[in-house]
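Here's final_6.cif, which has mmCIF, C-alpha atoms:
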data_input
loop_
_atom_site.label_atom_id
_atom_site.label_comp_id
_atom_site.auth_asym_id
_atom_site.auth_seq_id
_atom_site.Cartn_x
_atom_site.Cartn_y
_atom_site.Cartn_z
CA MET A 1 0.00 0.00 0.00
CA ARG A 2 1.01 3.65 -0.34
CA ILE A 3 0.76 6.19 2.47
CA GLU A 4 1.07 9.94 1.98
CA VAL A 5 3.18 11.82 4.51
CA GLY A 6 4.18 15.46 4.10
CA GLY A 7 3.71 15.45 0.36
CA LEU A 8 5.70 12.23 -0.10
CA SER A 9 4.30 8.81 -1.00
CA PHE A 10 5.70 5.84 0.91
CA ASP A 11 5.42 2.20 -0.12
CA VAL A 12 4.42 0.30 3.02
CA ILE A 13 3.97 -3.42 3.68
CA VAL A 14 1.25 -3.96 6.28
CA GLY A 15 0.45 -7.40 7.65
CA GLY A 16 -0.94 -9.37 10.55
CA PRO A 17 -4.23 -9.13 12.45
CA GLU A 18 -5.94 -5.77 11.94
CA ASP A 19 -6.64 -5.48 15.67
CA GLY A 20 -3.17 -6.60 16.77
CA PRO A 21 -0.69 -4.36 18.59
CA ALA A 22 1.26 -2.38 15.99
CA VAL A 23 4.97 -2.89 15.34
CA LEU A 24 6.79 -0.33 13.18
CA LEU A 25 9.59 -2.08 11.25
CA LEU A 26 12.36 0.25 10.03
CA HIS A 27 14.98 -0.96 7.55
CA GLY A 28 18.45 0.42 6.95
CA PHE A 29 21.04 0.73 4.16
CA PRO A 30 21.14 -0.71 1.55
CA GLU A 31 17.94 -2.65 2.10
CA ASN A 32 14.19 -2.03 2.04
CA ALA A 33 11.11 -3.30 3.84
CA ARG A 34 11.59 -6.78 2.38
CA MET A 35 14.41 -7.32 4.87
CA TRP A 36 11.71 -8.20 7.40
CA ASP A 37 10.28 -11.04 5.28
CA GLY A 38 11.61 -13.68 7.66
CA VAL A 39 10.65 -11.84 10.84
CA ALA A 40 7.21 -10.38 10.14
CA PRO A 41 5.28 -13.67 9.70
CA LEU A 42 6.50 -14.82 13.11
CA LEU A 43 5.21 -11.61 14.65
CA HIS A 44 1.90 -12.04 12.82
CA SER A 45 1.55 -15.55 14.22
CA ALA A 46 1.80 -14.08 17.71
CA GLY A 47 -1.05 -11.67 16.99
CA LEU A 48 0.95 -8.55 16.11
CA ARG A 49 0.34 -6.20 13.19
CA THR A 50 3.41 -4.96 11.33
CA VAL A 51 3.94 -1.73 9.42
CA ALA A 52 7.10 -1.84 7.28
CA PRO A 53 7.79 1.21 5.07
CA ASP A 54 10.37 1.63 2.38
CA GLN A 55 11.88 4.68 4.00
CA ARG A 56 12.68 8.08 2.48
CA GLY A 57 14.75 7.68 -0.65
CA TYR A 58 13.85 4.02 -1.01
CA SER A 59 10.20 4.63 -1.91
CA PRO A 60 10.18 6.09 -5.45
CA GLY A 61 7.44 8.52 -4.39
CA ALA A 62 9.48 9.75 -1.42
CA ARG A 63 12.75 10.64 -3.10
CA PRO A 64 13.52 14.38 -2.82
CA ALA A 65 16.63 15.59 -4.60
CA GLU A 66 18.23 17.75 -1.90
CA VAL A 67 20.75 16.13 0.45
CA SER A 68 19.34 18.22 3.30
CA ALA A 69 16.01 16.42 2.89
CA TYR A 70 17.61 13.30 4.38
CA GLY A 71 18.61 14.75 7.74
CA ILE A 72 17.72 12.90 10.91
CA GLY A 73 14.89 15.31 11.70
CA GLU A 74 13.26 14.60 8.35
CA VAL A 75 13.49 10.81 8.52
CA VAL A 76 12.27 10.71 12.11
CA GLY A 77 9.42 12.98 11.05
CA ASP A 78 8.50 10.40 8.42
CA ALA A 79 8.10 7.75 11.12
CA VAL A 80 5.87 10.04 13.17
CA GLY A 81 3.88 10.91 10.06
CA LEU A 82 3.35 7.25 9.21
CA LEU A 83 2.03 6.57 12.69
CA ASP A 84 -0.28 9.55 12.36
CA ALA A 85 -1.49 8.46 8.92
CA MET A 86 -2.38 5.04 10.29
CA ASP A 87 -4.09 6.46 13.39
CA LEU A 88 -1.55 4.86 15.70
CA PRO A 89 -0.95 6.91 18.85
CA ALA A 90 2.04 4.67 19.61
CA ALA A 91 3.71 1.50 18.38
CA HIS A 92 6.37 -0.99 19.28
CA VAL A 93 9.42 -0.13 17.17
CA LEU A 94 11.93 -2.55 15.66
CA GLY A 95 14.78 -1.04 13.64
CA HIS A 96 17.95 -2.26 11.93
CA ASP A 97 20.99 -0.24 10.82
CA TRP A 98 19.77 3.26 9.80
CA GLY A 99 16.32 2.10 10.86
CA ALA A 100 17.78 1.59 14.33
CA VAL A 101 19.14 5.16 14.27
CA VAL A 102 15.65 6.43 13.42
CA ALA A 103 14.22 4.27 16.20
CA TRP A 104 16.63 5.64 18.84
CA HIS A 105 15.87 9.23 17.86
CA LEU A 106 12.15 8.55 17.66
CA ASP A 107 12.09 7.24 21.20
CA VAL A 108 14.15 10.07 22.69
CA LYS A 109 12.35 12.86 20.83
CA HIS A 110 8.82 11.38 20.78
CA PRO A 111 8.71 8.97 23.73
CA GLU A 112 4.93 9.01 23.80
CA ARG A 113 4.91 7.31 20.36
CA VAL A 114 7.08 4.32 21.36
CA ARG A 115 5.80 1.47 23.52
CA THR A 116 8.90 -0.72 23.41
CA LEU A 117 12.13 -0.51 21.43
CA ILE A 118 14.11 -3.26 19.73
CA THR A 119 17.20 -2.11 17.84
CA VAL A 120 19.48 -4.36 15.80
CA SER A 121 23.15 -3.86 14.90
CA VAL A 122 23.45 -0.08 15.39
CA PRO A 123 23.58 1.15 19.01
CA HIS A 124 22.40 4.40 20.50
CA PRO A 125 23.92 7.20 18.35
CA ALA A 126 25.80 8.68 21.31
CA ALA A 127 27.47 5.32 21.99
CA GLN A 128 28.36 4.97 18.32
CA SER A 129 29.70 8.52 18.17
CA ALA A 130 31.85 8.01 21.27
CA ALA A 131 33.33 4.82 19.84
CA MET A 132 34.08 6.56 16.53
CA ARG A 133 36.03 9.22 18.44
CA HIS A 134 37.94 7.03 20.84
CA ASP A 135 38.06 3.41 19.63
CA ALA A 136 40.56 2.46 16.92
CA GLU A 137 38.56 -0.58 15.85
CA GLN A 138 35.40 1.47 15.36
CA GLN A 139 37.33 4.10 13.44
CA ARG A 140 38.50 1.37 11.08
CA LEU A 141 35.04 -0.15 10.75
CA SER A 142 33.47 3.26 10.04
CA ALA A 143 35.96 4.29 7.36
CA TYR A 144 33.47 3.41 4.61
CA ILE A 145 31.27 6.36 5.62
CA LYS A 146 33.75 8.87 4.22
CA ALA A 147 33.65 7.10 0.85
CA PHE A 148 29.85 6.98 0.86
CA ARG A 149 29.70 10.75 1.28
CA VAL A 150 31.52 11.50 -2.01
CA PRO A 151 28.85 12.34 -4.63
CA GLU A 152 28.85 10.39 -7.89
CA VAL A 153 32.04 8.52 -7.04
CA ALA A 154 30.31 6.34 -4.45
CA GLU A 155 27.45 5.58 -6.84
CA ALA A 156 29.79 4.71 -9.70
CA THR A 157 31.90 2.47 -7.49
CA LEU A 158 29.00 0.58 -5.95
CA LEU A 159 27.03 0.14 -9.18
CA ALA A 160 29.88 -0.87 -11.48
CA ASP A 161 29.89 -4.38 -12.93
CA ASP A 162 26.22 -5.06 -12.12
CA ALA A 163 26.62 -3.59 -8.61
CA ARG A 164 29.33 -6.08 -7.70
CA ARG A 165 30.62 -4.08 -4.72
CA LEU A 166 27.11 -3.34 -3.48
CA ARG A 167 26.28 -7.04 -3.60
CA ARG A 168 29.50 -7.88 -1.78
CA MET A 169 28.37 -5.78 1.18
CA PHE A 170 25.75 -8.40 1.97
CA HIS A 171 28.28 -11.13 2.77
CA PRO A 172 27.64 -13.78 4.09
CA LEU A 173 24.05 -13.75 2.77
CA PRO A 174 23.49 -15.87 -0.36
CA ALA A 175 23.64 -13.90 -3.60
CA GLU A 176 20.09 -14.80 -4.60
CA ALA A 177 18.78 -13.25 -1.39
CA THR A 178 20.26 -9.84 -2.16
CA ASP A 179 18.58 -9.15 -5.51
CA VAL A 180 15.45 -7.88 -3.76
CA PHE A 181 17.59 -5.09 -2.31
CA VAL A 182 20.12 -4.44 -5.07
CA ARG A 183 17.83 -4.25 -8.09
CA PRO A 184 15.72 -1.34 -6.76
CA LEU A 185 18.91 0.59 -6.03
CA GLN A 186 20.00 0.19 -9.66
CA GLU A 187 17.07 2.34 -10.75
CA PRO A 188 18.02 5.94 -11.70
CA GLY A 189 18.52 8.11 -8.64
CA ALA A 190 17.74 5.39 -6.11
CA LEU A 191 21.24 4.75 -4.79
CA THR A 192 21.96 8.47 -4.59
CA ALA A 193 18.86 8.91 -2.43
CA ALA A 194 19.93 6.05 -0.16
CA LEU A 195 23.46 7.44 0.17
CA ASN A 196 22.04 10.86 0.97
CA TRP A 197 21.30 9.56 4.47
CA TYR A 198 25.08 9.44 4.97
CA ARG A 199 25.67 12.75 3.22
CA ALA A 200 23.13 14.53 5.40
CA MET A 201 24.43 13.11 8.66
CA SER A 202 26.15 15.48 11.06
CA ARG A 203 28.26 15.15 14.17
CA ASP A 204 25.63 17.27 15.86
CA ASP A 205 22.97 14.58 15.35
CA SER A 206 23.87 12.80 18.57
CA VAL A 207 24.81 15.87 20.64
CA GLY A 208 22.41 16.10 23.53
CA LEU A 209 20.56 12.95 22.53
CA GLY A 210 19.63 11.50 25.88
CA PRO A 211 18.96 7.95 26.96
CA VAL A 212 15.85 5.93 26.25
CA ALA A 213 13.46 5.10 29.05
CA VAL A 214 11.08 2.63 27.43
CA PRO A 215 11.75 -1.11 27.73
CA THR A 216 14.56 -1.71 25.22
CA THR A 217 16.45 -4.61 23.67
CA TYR A 218 19.62 -4.03 21.66
CA VAL A 219 20.91 -6.91 19.49
CA TRP A 220 24.43 -7.11 18.03
CA GLY A 221 26.26 -9.78 16.04
CA THR A 222 29.92 -10.26 16.92
CA GLU A 223 30.89 -10.45 13.23
CA ASP A 224 29.31 -7.09 12.36
CA ALA A 225 31.52 -5.43 9.76
CA GLY A 226 30.39 -1.93 10.71
CA VAL A 227 29.87 -1.91 14.48
CA GLY A 228 32.55 -2.97 16.94
CA ARG A 229 32.37 -4.16 20.51
CA ALA A 230 33.10 -0.78 22.12
CA ALA A 231 30.07 0.82 20.48
CA ALA A 232 27.86 -2.18 21.16
CA GLU A 233 28.78 -2.50 24.82
CA GLY A 234 28.63 1.27 25.29
CA CYS A 235 24.98 1.24 24.33
CA ALA A 236 23.87 0.07 27.78
CA ALA A 237 24.76 3.46 29.25
CA TYR A 238 21.90 4.97 27.25
CA GLY A 239 19.07 2.83 28.59
CA THR A 240 17.64 4.12 31.86
CA GLY A 241 14.77 1.66 32.06
CA ASP A 242 14.51 -2.07 31.45
CA PHE A 243 17.41 -2.65 29.03
CA ASP A 244 18.79 -5.86 27.53
CA PHE A 245 21.94 -6.21 25.44
CA VAL A 246 21.90 -9.43 23.42
CA GLU A 247 25.16 -10.54 21.79
CA LEU A 248 24.93 -13.09 18.97
CA PRO A 249 28.25 -14.90 18.46
CA GLY A 250 29.22 -15.54 14.86
CA VAL A 251 26.41 -13.41 13.39
CA SER A 252 27.07 -10.63 10.88
CA HIS A 253 25.51 -7.20 10.45
CA TRP A 254 22.57 -8.81 8.62
CA VAL A 255 21.00 -10.21 11.77
CA PRO A 256 17.33 -10.24 10.65
CA GLU A 257 18.19 -12.30 7.56
CA GLN A 258 20.62 -14.64 9.29
CA GLU A 259 18.63 -15.08 12.48
CA PRO A 260 14.96 -14.19 11.80
CA GLU A 261 13.68 -16.59 14.45
CA THR A 262 16.03 -15.08 17.04
CA VAL A 263 15.03 -11.52 16.17
CA ALA A 264 11.33 -12.44 16.31
CA ARG A 265 11.80 -14.27 19.62
CA LEU A 266 13.58 -11.33 21.22
CA ALA A 267 11.06 -8.85 19.82
CA LEU A 268 8.11 -10.88 21.09
CA ALA A 269 9.74 -11.23 24.49
CA ARG A 270 10.18 -7.46 24.71
CA ILE A 271 6.78 -6.56 23.28
CA LEU A 272 4.83 -9.10 25.32
CA GLY A 273 6.85 -8.40 28.46
CA GLN A 274 8.03 -11.96 28.93
CA PRO A 275 11.49 -13.43 29.35
CA PRO A 276 12.73 -14.68 25.96
CA PRO A 277 12.34 -18.47 25.66
CA GLU A 278 15.42 -20.50 24.83
#

As structure tokens, the full file:
Amino acid sequence: MRIEVGGLSFDVIVGGPEDGPAVLLLHGFPENARMWDGVAPLLHSAGLRTVAPDQRGYSPGARPAEVSAYGIGEVVGDAVGLLDAMDLPAAHVLGHDWGAVVAWHLDVKHPERVRTLITVSVPHPAAQSAAMRHDAEQQRLSAYIKAFRVPEVAEATLLADDARRLRRMFHPLPAEATDVFVRPLQEPGALTAALNWYRAMSRDDSVGLGPVAVPTTYVWGTEDAGVGRAAAEGCAAYGTGDFDFVELPGVSHWVPEQEPETVARLALARILGQPPPE
């Protein structure tokens, strides 16, 4: 379905019981709402209703040209607008990668809209920022961001040879599983819009961003190629309420695809307020 927010048209996958508690699913780079294909049905089976948008830049109808249109305030505003458009006063929020960044900001800036928070791979922005300043491993892991911020060069590099380098980013996922993400980004202007999230980011984004107070679960795979241990472990300092840090040994950045049952189990445990079953 398509939902209009602030003059933009978002493609949104909605599923599960119409009267079920709502879960907002937020994807990151370089994916789209289909990244939740393995997780959402498990949430539906537990009686939850999921709302999974292709976020700004990924929905063809929500692809403004200006880099400034992809700032954190704008993308968080999209999440609020989607909740408003669907008459949802609040929702449980599950986010991965950039979707996790949106989720952290959404909770801090609009706590009344978030019932529980489950973030995957990317920690609280202040924890990530601190690690990027002080941790050599995180500085190495985050070096790609500088390359992503170079207009035209990043697009040319990632899309060359049938997007070979873009596809390689999804390791260790099987190649056939990545087409659903790569092919839309090969459309004119799509990858530029996705990269504009990086180009619009600012060091000031995390300044003054306080902790979250809602019940929160943060999930991190030890083989994440973009987030190191210092950032992941530092995240706990930014949860003032019920907070769980779940470490998944041997799992990459692509946790929802590698471990959909685990992500669903942890999300259901958080949302339903029960200890996660083994």

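Rounded to one decimal, CA of Glu31 in chain A and CA of Ser202 in chain A lie 21.8 Å from each other.
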
Find the residues near Phe10 in chain A: any atom within 6 Å, counting only C-alpha atoms, skip ones fewer than 5 places away on the same chain, and give them as a list in words.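 The residues satisfying every condition are Arg2, Ile3, Ser59 and Ala62 of chain A.
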
List the spatial neighbours of Pro123 in chain A as a list of chain:residue names - criterion: any atom at most 8 Å away, all atoms listed in the file, same-chain residues fewer than 6 positions off excluded. A:Ala100, A:Val101, A:Tyr218, A:Ala231, A:Ala232, A:Cys235

So which one's closest to Gly226 in chain A, A:Ile145, A:Ala154, A:Val102, A:Leu159? Using all atoms listed in the file, please.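 Looking at the shortest contact to Gly226 in chain A, the residue is A:Ile145.
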
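Residues captured in this structure file are Trp36, Asp37, Gly38, Ala40, Pro41, Leu42, Leu43, Pro256, Pro260, Glu261, Val263 and Ala264 of chain A, according to the PyMOL selection byres ((chain A and resi 39) around 8).
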
Atom pair CA of Pro151 in chain A / CA of Ser68 in chain A: separation (Å):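 Between these atoms lies a distance of 13.7 Å.
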
Smallest atom-to-atom distance to Gly77 in chain A: which of A:Pro53, A:Gly6, A:Pro111, A:Gly15, using only C-alpha atoms? A:Gly6

Got a sec: who's within 12 Å of range 180-193 of chain A, counting all atoms listed in the file, leaving out chain neighbours fewer than 4 positions off, as an MDAnalysis selection string? chainID A and resid 27:37 54:71 148:170 173:176 197:200

Using only C-alpha atoms, please write the residues we just selected to a file, as a PDB file, in the coordinates of the input.
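As written to disk, part-v6.pdb reads:
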ATOM      1  CA  HIS A  27      14.980  -0.960   7.550  1.00  0.00           C
ATOM      2  CA  GLY A  28      18.450   0.420   6.950  1.00  0.00           C
ATOM      3  CA  PHE A  29      21.040   0.730   4.160  1.00  0.00           C
ATOM      4  CA  PRO A  30      21.140  -0.710   1.550  1.00  0.00           C
ATOM      5  CA  GLU A  31      17.940  -2.650   2.100  1.00  0.00           C
ATOM      6  CA  ASN A  32      14.190  -2.030   2.040  1.00  0.00           C
ATOM      7  CA  ALA A  33      11.110  -3.300   3.840  1.00  0.00           C
ATOM      8  CA  ARG A  34      11.590  -6.780   2.380  1.00  0.00           C
ATOM      9  CA  MET A  35      14.410  -7.320   4.870  1.00  0.00           C
ATOM     10  CA  TRP A  36      11.710  -8.200   7.400  1.00  0.00           C
ATOM     11  CA  ASP A  37      10.280 -11.040   5.280  1.00  0.00           C
ATOM     12  CA  ASP A  54      10.370   1.630   2.380  1.00  0.00           C
ATOM     13  CA  GLN A  55      11.880   4.680   4.000  1.00  0.00           C
ATOM     14  CA  ARG A  56      12.680   8.080   2.480  1.00  0.00           C
ATOM     15  CA  GLY A  57      14.750   7.680  -0.650  1.00  0.00           C
ATOM     16  CA  TYR A  58      13.850   4.020  -1.010  1.00  0.00           C
ATOM     17  CA  SER A  59      10.200   4.630  -1.910  1.00  0.00           C
ATOM     18  CA  PRO A  60      10.180   6.090  -5.450  1.00  0.00           C
ATOM     19  CA  GLY A  61       7.440   8.520  -4.390  1.00  0.00           C
ATOM     20  CA  ALA A  62       9.480   9.750  -1.420  1.00  0.00           C
ATOM     21  CA  ARG A  63      12.750  10.640  -3.100  1.00  0.00           C
ATOM     22  CA  PRO A  64      13.520  14.380  -2.820  1.00  0.00           C
ATOM     23  CA  ALA A  65      16.630  15.590  -4.600  1.00  0.00           C
ATOM     24  CA  GLU A  66      18.230  17.750  -1.900  1.00  0.00           C
ATOM     25  CA  VAL A  67      20.750  16.130   0.450  1.00  0.00           C
ATOM     26  CA  SER A  68      19.340  18.220   3.300  1.00  0.00           C
ATOM     27  CA  ALA A  69      16.010  16.420   2.890  1.00  0.00           C
ATOM     28  CA  TYR A  70      17.610  13.300   4.380  1.00  0.00           C
ATOM     29  CA  GLY A  71      18.610  14.750   7.740  1.00  0.00           C
ATOM     30  CA  PHE A 148      29.850   6.980   0.860  1.00  0.00           C
ATOM     31  CA  ARG A 149      29.700  10.750   1.280  1.00  0.00           C
ATOM     32  CA  VAL A 150      31.520  11.500  -2.010  1.00  0.00           C
ATOM     33  CA  PRO A 151      28.850  12.340  -4.630  1.00  0.00           C
ATOM     34  CA  GLU A 152      28.850  10.390  -7.890  1.00  0.00           C
ATOM     35  CA  VAL A 153      32.040   8.520  -7.040  1.00  0.00           C
ATOM     36  CA  ALA A 154      30.310   6.340  -4.450  1.00  0.00           C
ATOM     37  CA  GLU A 155      27.450   5.580  -6.840  1.00  0.00           C
ATOM     38  CA  ALA A 156      29.790   4.710  -9.700  1.00  0.00           C
ATOM     39  CA  THR A 157      31.900   2.470  -7.490  1.00  0.00           C
ATOM     40  CA  LEU A 158      29.000   0.580  -5.950  1.00  0.00           C
ATOM     41  CA  LEU A 159      27.030   0.140  -9.180  1.00  0.00           C
ATOM     42  CA  ALA A 160      29.880  -0.870 -11.480  1.00  0.00           C
ATOM     43  CA  ASP A 161      29.890  -4.380 -12.930  1.00  0.00           C
ATOM     44  CA  ASP A 162      26.220  -5.060 -12.120  1.00  0.00           C
ATOM     45  CA  ALA A 163      26.620  -3.590  -8.610  1.00  0.00           C
ATOM     46  CA  ARG A 164      29.330  -6.080  -7.700  1.00  0.00           C
ATOM     47  CA  ARG A 165      30.620  -4.080  -4.720  1.00  0.00           C
ATOM     48  CA  LEU A 166      27.110  -3.340  -3.480  1.00  0.00           C
ATOM     49  CA  ARG A 167      26.280  -7.040  -3.600  1.00  0.00           C
ATOM     50  CA  ARG A 168      29.500  -7.880  -1.780  1.00  0.00           C
ATOM     51  CA  MET A 169      28.370  -5.780   1.180  1.00  0.00           C
ATOM     52  CA  PHE A 170      25.750  -8.400   1.970  1.00  0.00           C
ATOM     53  CA  LEU A 173      24.050 -13.750   2.770  1.00  0.00           C
ATOM     54  CA  PRO A 174      23.490 -15.870  -0.360  1.00  0.00           C
ATOM     55  CA  ALA A 175      23.640 -13.900  -3.600  1.00  0.00           C
ATOM     56  CA  GLU A 176      20.090 -14.800  -4.600  1.00  0.00           C
ATOM     57  CA  TRP A 197      21.300   9.560   4.470  1.00  0.00           C
ATOM     58  CA  TYR A 198      25.080   9.440   4.970  1.00  0.00           C
ATOM     59  CA  ARG A 199      25.670  12.750   3.220  1.00  0.00           C
ATOM     60  CA  ALA A 200      23.130  14.530   5.400  1.00  0.00           C
TER      61      ALA A 200
END

Residues within 12 Å of Gly210 in chain A, please, as a list in words. Count only C-alpha atoms; anything in the same chain fewer than 5 positions from it doesn't count.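 Once the adjacent positions are removed, what remains is Trp104, His105, Leu106, Asp107, Val108, Lys109, His110, Pro111, His124, Pro125, Ala126, Ala127, Asp205, Cys235, Ala237, Tyr238, Gly239 and Thr240 of chain A.
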
What does the structure give for the distance between CA of Glu247 in chain A and CA of Leu266 in chain A, in Å to one decimal? 11.6 Å

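Residues in contact with Gly241 in chain A at 12 Å, where all atoms listed in the file are counted and same-chain residues fewer than 3 positions away are skipped, are listed as Thr116, Leu117, Pro211, Val212, Ala213, Val214, Pro215, Thr216, Thr217, Ala236, Ala237, Tyr238 and Asp244 of chain A.
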
Within-6 Å shell of (2.2, 2.6, 19.4) in input frame, only C-alpha atoms, as a VMD selection string: chain A and resid 88 to 92 113 to 115

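Comparing A:Leu195, A:Met132, A:Val80, A:Val219 by their smallest distance to Trp254 in chain A, the closest is A:Val219 (using only C-alpha atoms).
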
Evaluate the PyMOL selection byres ((chain A and resi 120) around 7) and record the selected residues as a short mmCIF file (atom, residue, chain, number, x, y, z; two decimals) with C-alpha atoms, in the frame of the given file, following the chain and residue labels used in the document.
data_model
loop_
_atom_site.label_atom_id
_atom_site.label_comp_id
_atom_site.auth_asym_id
_atom_site.auth_seq_id
_atom_site.Cartn_x
_atom_site.Cartn_y
_atom_site.Cartn_z
CA GLY A 95 14.78 -1.04 13.64
CA HIS A 96 17.95 -2.26 11.93
CA ASP A 97 20.99 -0.24 10.82
CA ALA A 100 17.78 1.59 14.33
CA ILE A 118 14.11 -3.26 19.73
CA THR A 119 17.20 -2.11 17.84
CA SER A 121 23.15 -3.86 14.90
CA VAL A 122 23.45 -0.08 15.39
CA TYR A 218 19.62 -4.03 21.66
CA VAL A 219 20.91 -6.91 19.49
CA TRP A 220 24.43 -7.11 18.03
#

Where atoms are missing, can you supply N, CA and C atoms for range 224-247 of chain A and output the lot as a CSV table (one decimal), in the frame of the given file?
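Final output, rebuild17.csv:
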chain,number,residue,atom,x,y,z
A,224,ASP,N,29.8,-8.3,13.1
A,224,ASP,CA,29.3,-7.1,12.4
A,224,ASP,C,30.5,-6.4,11.8
A,225,ALA,N,30.4,-6.1,10.4
A,225,ALA,CA,31.5,-5.4,9.8
A,225,ALA,C,31.5,-3.9,9.9
A,226,GLY,N,30.5,-3.4,10.6
A,226,GLY,CA,30.4,-1.9,10.7
A,226,GLY,C,30.3,-1.4,12.1
A,227,VAL,N,30.0,-2.3,13.1
A,227,VAL,CA,29.9,-1.9,14.5
A,227,VAL,C,30.7,-2.8,15.4
A,228,GLY,N,31.7,-2.2,16.1
A,228,GLY,CA,32.6,-3.0,16.9
A,228,GLY,C,32.0,-3.1,18.4
A,229,ARG,N,32.8,-3.8,19.1
A,229,ARG,CA,32.4,-4.2,20.5
A,229,ARG,C,32.3,-2.9,21.4
A,230,ALA,N,33.2,-2.0,21.2
A,230,ALA,CA,33.1,-0.8,22.1
A,230,ALA,C,31.8,0.0,22.0
A,231,ALA,N,31.3,0.1,20.7
A,231,ALA,CA,30.1,0.8,20.5
A,231,ALA,C,28.9,0.0,21.0
A,232,ALA,N,29.0,-1.3,20.7
A,232,ALA,CA,27.9,-2.2,21.2
A,232,ALA,C,27.7,-2.2,22.7
A,233,GLU,N,28.8,-2.4,23.4
A,233,GLU,CA,28.8,-2.5,24.8
A,233,GLU,C,28.5,-1.1,25.4
A,234,GLY,N,28.9,-0.1,24.8
A,234,GLY,CA,28.6,1.3,25.3
A,234,GLY,C,27.2,1.6,25.3
A,235,CYS,N,26.4,0.9,24.5
A,235,CYS,CA,25.0,1.2,24.3
A,235,CYS,C,24.2,1.2,25.6
A,236,ALA,N,24.6,0.3,26.5
A,236,ALA,CA,23.9,0.1,27.8
A,236,ALA,C,23.8,1.3,28.6
A,237,ALA,N,24.8,2.2,28.5
A,237,ALA,CA,24.8,3.5,29.2
A,237,ALA,C,23.6,4.4,28.9
A,238,TYR,N,23.0,4.1,27.7
A,238,TYR,CA,21.9,5.0,27.2
A,238,TYR,C,20.5,4.3,27.4
A,239,GLY,N,20.4,3.4,28.3
A,239,GLY,CA,19.1,2.8,28.6
A,239,GLY,C,18.8,3.0,30.1
A,240,THR,N,17.9,3.9,30.4
A,240,THR,CA,17.6,4.1,31.9
A,240,THR,C,16.6,3.2,32.4
A,241,GLY,N,15.8,2.5,31.6
A,241,GLY,CA,14.8,1.7,32.1
A,241,GLY,C,15.2,0.2,31.9
A,242,ASP,N,14.2,-0.6,31.7
A,242,ASP,CA,14.5,-2.1,31.4
A,242,ASP,C,15.3,-2.2,30.1
A,243,PHE,N,16.5,-2.6,30.2
A,243,PHE,CA,17.4,-2.6,29.0
A,243,PHE,C,18.1,-4.0,29.0
A,244,ASP,N,18.1,-4.6,27.8
A,244,ASP,CA,18.8,-5.9,27.5
A,244,ASP,C,19.7,-5.7,26.4
A,245,PHE,N,21.0,-6.1,26.5
A,245,PHE,CA,21.9,-6.2,25.4
A,245,PHE,C,22.1,-7.7,25.1
A,246,VAL,N,21.8,-8.0,23.9
A,246,VAL,CA,21.9,-9.4,23.4
A,246,VAL,C,23.0,-9.5,22.4
A,247,GLU,N,24.0,-10.3,22.7
A,247,GLU,CA,25.2,-10.5,21.8
A,247,GLU,C,25.0,-11.9,21.1
